[in-house]
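Next comes final-v9.tsv, with TSV, C-alpha atoms.
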chain	number	residue	atom	x	y	z
A	10	MET	CA	332.71	42.95	-138.85
A	11	ASN	CA	329.97	45.37	-139.91
A	12	GLU	CA	329.09	47.99	-137.31
A	13	LEU	CA	325.71	49.66	-137.21
A	14	ARG	CA	325.99	53.05	-138.89
A	15	MET	CA	324.22	55.73	-136.88
A	16	PRO	CA	323.46	59.01	-138.68
A	17	SER	CA	323.94	62.14	-136.61
A	18	ASP	CA	320.24	63.01	-137.01
A	19	LEU	CA	318.96	59.55	-135.97
A	20	LEU	CA	315.42	59.76	-134.60
A	21	GLY	CA	315.73	59.70	-130.80
A	22	GLY	CA	319.49	59.19	-130.91
A	23	SER	CA	321.29	56.01	-129.87
A	24	VAL	CA	323.12	54.52	-126.91
A	25	LYS	CA	326.24	52.38	-126.74
A	26	LEU	CA	325.76	48.90	-125.32
A	27	ALA	CA	328.21	47.13	-123.01
A	28	ASN	CA	329.83	45.39	-125.99
A	29	GLY	CA	330.46	48.70	-127.75
A	30	ARG	CA	327.70	48.38	-130.35
A	31	GLU	CA	325.13	51.14	-130.85
A	32	ILE	CA	321.39	50.65	-130.45
A	33	PRO	CA	318.75	53.22	-131.52
A	34	MET	CA	316.64	54.66	-128.72
A	35	VAL	CA	313.39	54.58	-130.70
A	36	GLY	CA	312.04	51.52	-132.47
A	37	LEU	CA	308.99	49.88	-134.03
A	38	GLY	CA	307.42	47.08	-131.99
A	39	THR	CA	305.62	44.51	-134.12
A	40	SER	CA	303.86	42.22	-131.64
A	41	ALA	CA	300.39	43.35	-132.76
A	42	ILE	CA	300.89	42.33	-136.41
A	43	LYS	CA	300.78	38.55	-136.78
A	44	PHE	CA	299.40	35.48	-138.48
A	45	SER	CA	297.39	36.32	-141.65
A	46	ALA	CA	298.11	37.43	-145.21
A	47	GLN	CA	296.30	40.67	-144.44
A	48	ASP	CA	298.70	41.19	-141.53
A	49	ALA	CA	301.62	40.68	-143.93
A	50	GLU	CA	300.41	43.62	-146.00
A	51	GLN	CA	299.93	45.67	-142.84
A	52	MET	CA	303.47	44.81	-141.83
A	53	SER	CA	304.87	45.97	-145.15
A	54	VAL	CA	303.02	49.28	-144.79
A	55	ALA	CA	304.14	49.67	-141.16
A	56	ILE	CA	307.80	48.93	-141.94
A	57	GLU	CA	307.85	51.36	-144.85
A	58	ALA	CA	306.18	54.09	-142.80
A	59	ALA	CA	308.56	53.55	-139.88
A	60	LEU	CA	311.64	53.68	-142.10
A	61	ARG	CA	310.41	56.82	-143.84
A	62	ALA	CA	309.76	58.42	-140.44
A	63	GLY	CA	313.35	57.75	-139.37
A	64	TYR	CA	312.95	54.59	-137.28
A	65	ARG	CA	316.03	52.38	-137.46
A	66	LEU	CA	315.12	49.68	-134.92
A	67	ILE	CA	312.64	46.89	-135.64
A	68	ASP	CA	311.62	44.65	-132.72
A	69	THR	CA	310.08	41.21	-133.17
A	70	ALA	CA	310.13	37.76	-131.56
A	71	HIS	CA	309.92	34.12	-132.55
A	72	GLY	CA	306.62	33.94	-130.70
A	73	TYR	CA	305.06	36.74	-132.72
A	74	GLY	CA	305.06	34.60	-135.86
A	75	ASN	CA	305.93	37.54	-138.10
A	76	GLU	CA	309.68	37.32	-138.69
A	77	ARG	CA	309.32	36.15	-142.28
A	78	VAL	CA	307.01	39.00	-143.28
A	79	ILE	CA	309.34	41.47	-141.55
A	80	GLY	CA	312.26	40.05	-143.50
A	81	ASP	CA	310.28	40.32	-146.74
A	82	ALA	CA	309.30	43.91	-145.95
A	83	LEU	CA	312.89	44.90	-145.18
A	84	LYS	CA	314.21	43.32	-148.38
A	85	LYS	CA	311.58	45.29	-150.29
A	86	HIS	CA	311.82	48.68	-148.61
A	87	LEU	CA	315.49	49.05	-147.60
A	88	PRO	CA	316.83	49.21	-151.18
A	89	ALA	CA	313.83	51.22	-152.35
A	90	LEU	CA	314.56	53.85	-149.69
A	91	GLY	CA	318.33	53.72	-150.14
A	92	ILE	CA	318.91	52.36	-146.62
A	93	ALA	CA	321.71	49.85	-146.07
A	94	ARG	CA	321.31	46.77	-143.88
A	95	ASP	CA	323.90	48.07	-141.43
A	96	GLU	CA	321.80	51.18	-140.83
A	97	VAL	CA	318.97	49.15	-139.29
A	98	PHE	CA	319.00	47.38	-135.92
A	99	ILE	CA	316.90	44.21	-135.73
A	100	THR	CA	315.90	42.63	-132.40
A	101	THR	CA	314.19	39.30	-131.94
A	102	LYS	CA	313.51	37.10	-128.93
A	103	VAL	CA	313.58	33.39	-128.22
A	104	PRO	CA	311.33	31.79	-125.60
A	105	ILE	CA	312.33	29.18	-123.03
A	106	LYS	CA	310.84	25.76	-123.71
A	107	ASN	CA	311.01	23.09	-121.01
A	108	ASP	CA	310.91	20.08	-123.35
A	109	ASP	CA	314.08	19.24	-125.31
A	110	THR	CA	315.34	22.73	-124.54
A	111	ASP	CA	318.69	22.54	-126.32
A	112	THR	CA	317.38	21.21	-129.64
A	113	VAL	CA	314.25	23.36	-129.66
A	114	THR	CA	316.15	26.57	-128.83
A	115	ARG	CA	318.70	26.06	-131.59
A	116	ALA	CA	315.91	25.28	-134.05
A	117	MET	CA	314.05	28.48	-133.13
A	118	ILE	CA	317.18	30.63	-133.49
A	119	ASP	CA	318.01	29.07	-136.85
A	120	GLN	CA	314.44	29.62	-138.00
A	121	SER	CA	314.62	33.28	-136.98
A	122	LEU	CA	317.82	33.68	-138.98
A	123	ARG	CA	316.21	32.02	-142.02
A	124	ASP	CA	312.91	33.88	-141.79
A	125	LEU	CA	314.39	37.33	-141.27
A	126	ASP	CA	317.03	36.53	-143.91
A	127	VAL	CA	319.03	39.70	-143.35
A	128	GLY	CA	322.47	38.13	-142.89
A	129	TYR	CA	322.67	38.51	-139.13
A	130	ILE	CA	320.52	39.61	-136.21
A	131	ASP	CA	321.67	42.59	-134.17
A	132	LEU	CA	320.15	41.52	-130.86
A	133	VAL	CA	318.50	38.36	-129.55
A	134	LEU	CA	316.83	38.32	-126.13
A	135	VAL	CA	315.62	35.53	-123.88
A	136	HIS	CA	311.96	36.46	-124.13
A	137	TYR	CA	310.78	35.54	-120.64
A	138	PRO	CA	312.58	34.03	-117.62
A	139	ARG	CA	310.67	30.74	-117.77
A	140	HIS	CA	308.44	28.68	-120.02
A	141	LEU	CA	305.58	31.14	-120.49
A	142	ILE	CA	302.70	28.69	-120.22
A	143	GLY	CA	302.95	26.00	-117.55
A	144	GLY	CA	306.47	26.99	-116.53
A	145	GLY	CA	305.74	26.77	-112.81
A	146	ALA	CA	306.81	29.23	-110.14
A	147	ASP	CA	309.58	31.70	-110.96
A	148	LEU	CA	311.72	30.30	-108.12
A	149	ASP	CA	311.44	26.68	-109.29
A	150	PRO	CA	315.07	25.46	-109.72
A	151	ILE	CA	314.26	24.05	-113.17
A	152	ASN	CA	313.61	27.57	-114.43
A	153	LYS	CA	317.09	28.74	-113.46
A	154	GLU	CA	318.58	25.74	-115.27
A	155	LYS	CA	316.54	26.43	-118.40
A	156	ARG	CA	317.52	30.12	-118.32
A	157	ARG	CA	321.17	29.06	-118.12
A	158	MET	CA	320.79	26.62	-121.02
A	159	VAL	CA	319.06	29.07	-123.36
A	160	TYR	CA	321.44	31.93	-122.59
A	161	GLY	CA	324.43	29.63	-123.10
A	162	ILE	CA	323.16	28.76	-126.56
A	163	LEU	CA	322.83	32.46	-127.40
A	164	GLU	CA	326.45	32.92	-126.29
A	165	GLU	CA	327.50	30.28	-128.83
A	166	TYR	CA	325.74	32.15	-131.64
A	167	VAL	CA	327.44	35.41	-130.66
A	168	GLY	CA	330.72	33.60	-131.17
A	169	LYS	CA	329.63	32.69	-134.69
A	170	GLU	CA	328.74	36.33	-135.52
A	171	SER	CA	325.26	35.36	-136.73
A	172	ILE	CA	324.01	37.24	-133.67
A	173	ARG	CA	325.80	40.46	-132.73
A	174	SER	CA	324.45	41.10	-129.21
A	175	ILE	CA	322.41	39.15	-126.66
A	176	GLY	CA	320.33	40.02	-123.64
A	177	VAL	CA	317.16	39.27	-121.73
A	178	SER	CA	313.58	40.45	-121.45
A	179	ASN	CA	311.22	40.70	-118.48
A	180	TYR	CA	314.02	39.81	-116.04
A	181	GLU	CA	313.82	40.93	-112.42
A	182	ILE	CA	316.85	41.72	-110.27
A	183	PHE	CA	317.14	38.18	-108.91
A	184	HIS	CA	317.20	36.80	-112.47
A	185	LEU	CA	320.07	39.15	-113.31
A	186	LEU	CA	321.93	38.32	-110.10
A	187	GLU	CA	321.90	34.61	-110.83
A	188	MET	CA	323.47	35.30	-114.24
A	189	ASP	CA	326.69	36.10	-112.38
A	190	ASP	CA	326.93	32.33	-111.82
A	191	TYR	CA	326.74	31.31	-115.48
A	192	ALA	CA	326.91	34.13	-118.03
A	193	LYS	CA	330.18	34.28	-119.96
A	194	VAL	CA	328.88	37.13	-122.11
A	195	LYS	CA	327.33	40.02	-120.23
A	196	PRO	CA	323.71	40.70	-121.23
A	197	CYS	CA	323.61	43.94	-123.17
A	198	VAL	CA	319.90	44.62	-122.71
A	199	ASN	CA	317.02	43.93	-120.34
A	200	GLN	CA	313.80	44.82	-122.18
A	201	CYS	CA	310.95	45.45	-119.75
A	202	GLU	CA	307.53	47.01	-119.53
A	203	TYR	CA	307.88	50.65	-118.56
A	204	HIS	CA	305.30	53.43	-118.43
A	205	PRO	CA	303.88	55.90	-115.86
A	206	HIS	CA	301.87	53.16	-114.17
A	207	HIS	CA	304.76	50.69	-114.06
A	208	THR	CA	308.09	52.49	-113.72
A	209	GLN	CA	310.24	49.74	-112.16
A	210	ASN	CA	312.73	52.33	-110.95
A	211	THR	CA	314.64	49.95	-108.68
A	212	LEU	CA	315.19	47.51	-111.53
A	213	ARG	CA	316.11	50.32	-113.90
A	214	GLU	CA	318.71	51.68	-111.47
A	215	TYR	CA	320.15	48.20	-110.90
A	216	CYS	CA	320.56	47.73	-114.67
A	217	ARG	CA	322.24	51.13	-114.92
A	218	GLN	CA	324.73	50.21	-112.21
A	219	LYS	CA	325.51	46.90	-113.93
A	220	GLY	CA	325.90	48.42	-117.38
A	221	VAL	CA	322.84	46.61	-118.77
A	222	PHE	CA	320.74	48.83	-121.04
A	223	PHE	CA	317.20	49.02	-119.64
A	224	GLN	CA	315.11	49.06	-122.80
A	225	LYS	CA	311.57	50.25	-122.24
A	226	LYS	CA	308.51	48.81	-123.94
A	227	HIS	CA	304.88	49.78	-123.71
A	228	MET	CA	302.54	46.81	-123.90
A	229	LYS	CA	299.21	48.58	-124.48
A	230	SER	CA	298.79	47.79	-128.16
A	231	ASN	CA	299.72	44.15	-127.68
A	232	LEU	CA	297.34	43.74	-124.75
A	233	ILE	CA	294.47	45.17	-126.79
A	234	TYR	CA	295.32	42.88	-129.70
A	235	CYS	CA	295.57	39.74	-127.54
A	236	ARG	CA	292.35	40.49	-125.71
A	237	GLN	CA	290.52	40.98	-128.99
A	238	ARG	CA	291.70	37.60	-130.28
A	239	GLY	CA	291.59	35.70	-126.98
A	240	LEU	CA	295.34	35.08	-127.01
A	241	PRO	CA	297.93	35.04	-124.19
A	242	ASP	CA	300.12	38.13	-124.09
A	243	GLU	CA	303.69	37.34	-125.25
A	244	ASN	CA	305.45	40.68	-125.07

Could you spell out this file's structure in structure tokens?
Amino acid sequence: MNELRMPSDLLGGSVKLANGREIPMVGLGTSAIKFSAQDAEQMSVAIEAALRAGYRLIDTAHGYGNERVIGDALKKHLPALGIARDEVFITTKVPIKNDDTDTVTRAMIDQSLRDLDVGYIDLVLVHYPRHLIGGGADLDPINKEKRRMVYGILEEYVGKESIRSIGVSNYEIFHLLEMDDYAKVKPCVNQCEYHPHHTQNTLREYCRQKGVFFQKKHMKSNLIYCRQRGLPDEN
């Protein structure tokens, strides 16, 4: 089992997750680089610049549509910069889909593995606690069932070692509480929006008490990008 190798001078340092694996504290978010061939070139430039600057975490998602170009950029720049695969932490996310949830979720995970093409994925998160568009109210019982199904599938992949760690994104306290009823593998991470105007201190403290790493993201760049293109925000 390959463990992530953390240099002593890692930019921002790292933290140990509940499963004992290390995750860098500073990473490159890629939600604003999607879709076109021009974006692919931008991604290559961004990945190279981030790696040269000392970033060792790359964050993407199935919904961003950029996993293949990230994989291509990593295969190009890691050997050129003398950086091994196990020195880089890669996060992706899988959304909840209400229709044919089991089959669709497995297909999306397998596609992420193929498109990134880096052997394994360090962390996969449930992207949002319900189907993002048309998923109904958060408290609708079907959403809890779909959360359970998708997380259970991620647990299977952890057992296969193709995914090293799993977690959630945009989960509130009640979403985490209900996981006590079904999660066999403790979520390592809850990735949430966090900035001076949205601190979520109660949620952050709850995650700390439960040993779930509260990973902070800032959504400004993605919001600007989505508004420019008339797209829904999928951070």

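Atom pair CA of Lys85 (chain A) / CA of Leu122 (chain A): separated by 17.4 Å.
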
**OP:** May I have the protein, DNA and RNA residues with an atom at most 8 Å from (313.6, 39.7, -127.9), counting only C-alpha atoms in the file's coordinates, returned as a VMD selection string?
**Re:** chain A and resid 68 to 70 100 to 103 132 to 136 176 to 178 200

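CA of Met52 (chain A) is found 29.2 Å from CA of Pro196 (chain A).
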
Original post:
Quick one: distance from CA of Lys84 (chain A) to CA of Arg115 (chain A) in Å, one decimal?
Top reply: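 Distance between the two atoms: 24.5 Å.
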
Subject >> Near-region 22-31 of chain A list (7 Å; all atoms listed in the file; drop same-chain fewer than 2 positions) as a list in words >> reply: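 Within the cut-off, the hits are Leu13, Leu19, Leu20, Pro33, Met34, Cys197, Gly220, Val221 and Phe222 of chain A.
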
**OP:** Go through A:Ile182, A:Ile151, A:Ala192, A:Val54 one by one, measure the shortest atom-to-atom distance of each to Glu164 (chain A) using all atoms listed in the file, and give the residue with the smallest value.
**Re:** A:Ala192

Subject >> Among listed residues A:Glu214, A:Val127, A:Lys106, A:Asp81, nearest Ala93 (chain A) (using all atoms listed in the file) >> reply: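 With all atoms listed in the file as the atom set, the closest residue is A:Val127.
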
Original post:
Which one of A:Ile56, A:Leu83, A:Ile32, A:Cys216 sits closest to Arg173 (chain A) if you count all atoms listed in the file?
Top reply: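 Distance minimum relative to Arg173 (chain A) lands on A:Ile32.
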
Original post:
Between A:Arg65, A:His86, A:His204, A:His71, which one has atoms that come closest to Ser53 (chain A), using only C-alpha atoms?
Top reply: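 Looking at the shortest contact to Ser53 (chain A), the residue is A:His86.
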
Original post:
Looking at all atoms listed in the file, which of A:Lys193, A:His184, A:Arg217, A:Lys226 is the one that sits closest to Val35 (chain A)?
Top reply: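 Of A:Lys193, A:His184, A:Arg217, A:Lys226, the one nearest Val35 (chain A) is A:Lys226, counting all atoms listed in the file.
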
Subject >> Nearest residue to Leu60 (chain A) from the set A:Gly72, A:Gly91, A:Gly80, A:Gly128 (distances using all atoms listed in the file) >> reply: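 Closest to Leu60 (chain A) of all the choices is A:Gly91.
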
Could you add whatever atoms are missing so that region 103-114 of chain A carries all heavy atoms, then write the result as a compact mmCIF listing (two decimals), keeping the file's coordinate frame?
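The resulting file, result-v9.txt, is shown below:
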# COMPACT_ATOMS: atom_id res chain seq x y z
N VAL A 103 313.80 34.83 -128.22
CA VAL A 103 313.58 33.39 -128.22
C VAL A 103 313.00 32.97 -126.87
O VAL A 103 313.51 33.39 -125.83
CB VAL A 103 314.89 32.63 -128.54
CG1 VAL A 103 315.96 32.89 -127.51
CG2 VAL A 103 314.64 31.15 -128.68
N PRO A 104 311.93 32.19 -126.87
CA PRO A 104 311.33 31.79 -125.60
C PRO A 104 312.07 30.60 -124.98
O PRO A 104 312.83 29.89 -125.66
CB PRO A 104 309.91 31.39 -126.00
CG PRO A 104 310.07 30.86 -127.39
CD PRO A 104 311.15 31.72 -128.02
N ILE A 105 311.83 30.37 -123.71
CA ILE A 105 312.33 29.18 -123.03
C ILE A 105 311.27 28.09 -123.16
O ILE A 105 310.11 28.29 -122.87
CB ILE A 105 312.60 29.48 -121.54
CG1 ILE A 105 313.80 30.44 -121.41
CG2 ILE A 105 312.86 28.19 -120.76
CD1 ILE A 105 314.06 30.90 -119.99
N LYS A 106 311.72 26.93 -123.62
CA LYS A 106 310.84 25.76 -123.71
C LYS A 106 311.40 24.68 -122.79
O LYS A 106 312.60 24.36 -122.86
CB LYS A 106 310.77 25.25 -125.15
CG LYS A 106 310.20 26.26 -126.14
CD LYS A 106 308.74 26.57 -125.85
CE LYS A 106 308.14 27.49 -126.92
NZ LYS A 106 306.73 27.83 -126.64
N ASN A 107 310.55 24.08 -121.99
CA ASN A 107 311.01 23.09 -121.01
C ASN A 107 311.35 21.74 -121.63
O ASN A 107 312.19 21.01 -121.10
CB ASN A 107 309.96 22.90 -119.91
CG ASN A 107 309.98 24.03 -118.89
OD1 ASN A 107 310.88 24.86 -118.90
ND2 ASN A 107 308.99 24.07 -118.01
N ASP A 108 310.69 21.38 -122.73
CA ASP A 108 310.91 20.08 -123.35
C ASP A 108 311.99 20.17 -124.43
O ASP A 108 311.90 21.01 -125.33
CB ASP A 108 309.60 19.56 -123.95
CG ASP A 108 308.53 19.30 -122.90
OD1 ASP A 108 308.91 18.98 -121.76
OD2 ASP A 108 307.34 19.43 -123.22
N ASP A 109 313.00 19.31 -124.32
CA ASP A 109 314.08 19.24 -125.31
C ASP A 109 314.65 20.64 -125.57
O ASP A 109 314.80 21.07 -126.71
CB ASP A 109 313.54 18.62 -126.61
CG ASP A 109 314.65 18.08 -127.49
OD1 ASP A 109 315.81 18.02 -127.03
OD2 ASP A 109 314.37 17.73 -128.65
N THR A 110 314.99 21.31 -124.48
CA THR A 110 315.34 22.73 -124.54
C THR A 110 316.47 23.04 -125.51
O THR A 110 316.38 23.98 -126.30
CB THR A 110 315.72 23.23 -123.13
OG1 THR A 110 314.64 22.96 -122.23
CG2 THR A 110 316.02 24.72 -123.13
N ASP A 111 317.53 22.26 -125.48
CA ASP A 111 318.69 22.54 -126.32
C ASP A 111 318.32 22.49 -127.81
O ASP A 111 318.55 23.44 -128.57
CB ASP A 111 319.81 21.55 -126.01
CG ASP A 111 321.10 21.88 -126.75
OD1 ASP A 111 321.21 21.53 -127.94
OD2 ASP A 111 322.00 22.51 -126.15
N THR A 112 317.73 21.38 -128.22
CA THR A 112 317.38 21.21 -129.64
C THR A 112 316.35 22.24 -130.10
O THR A 112 316.49 22.84 -131.17
CB THR A 112 316.84 19.79 -129.88
OG1 THR A 112 317.84 18.84 -129.51
CG2 THR A 112 316.46 19.59 -131.34
N VAL A 113 315.33 22.44 -129.28
CA VAL A 113 314.25 23.36 -129.66
C VAL A 113 314.77 24.80 -129.76
O VAL A 113 314.43 25.54 -130.68
CB VAL A 113 313.08 23.27 -128.67
CG1 VAL A 113 312.06 24.37 -128.90
CG2 VAL A 113 312.41 21.91 -128.77
N THR A 114 315.62 25.20 -128.81
CA THR A 114 316.15 26.57 -128.83
C THR A 114 316.99 26.82 -130.06
O THR A 114 316.84 27.85 -130.74
CB THR A 114 316.97 26.83 -127.56
OG1 THR A 114 316.14 26.66 -126.41
CG2 THR A 114 317.53 28.25 -127.56
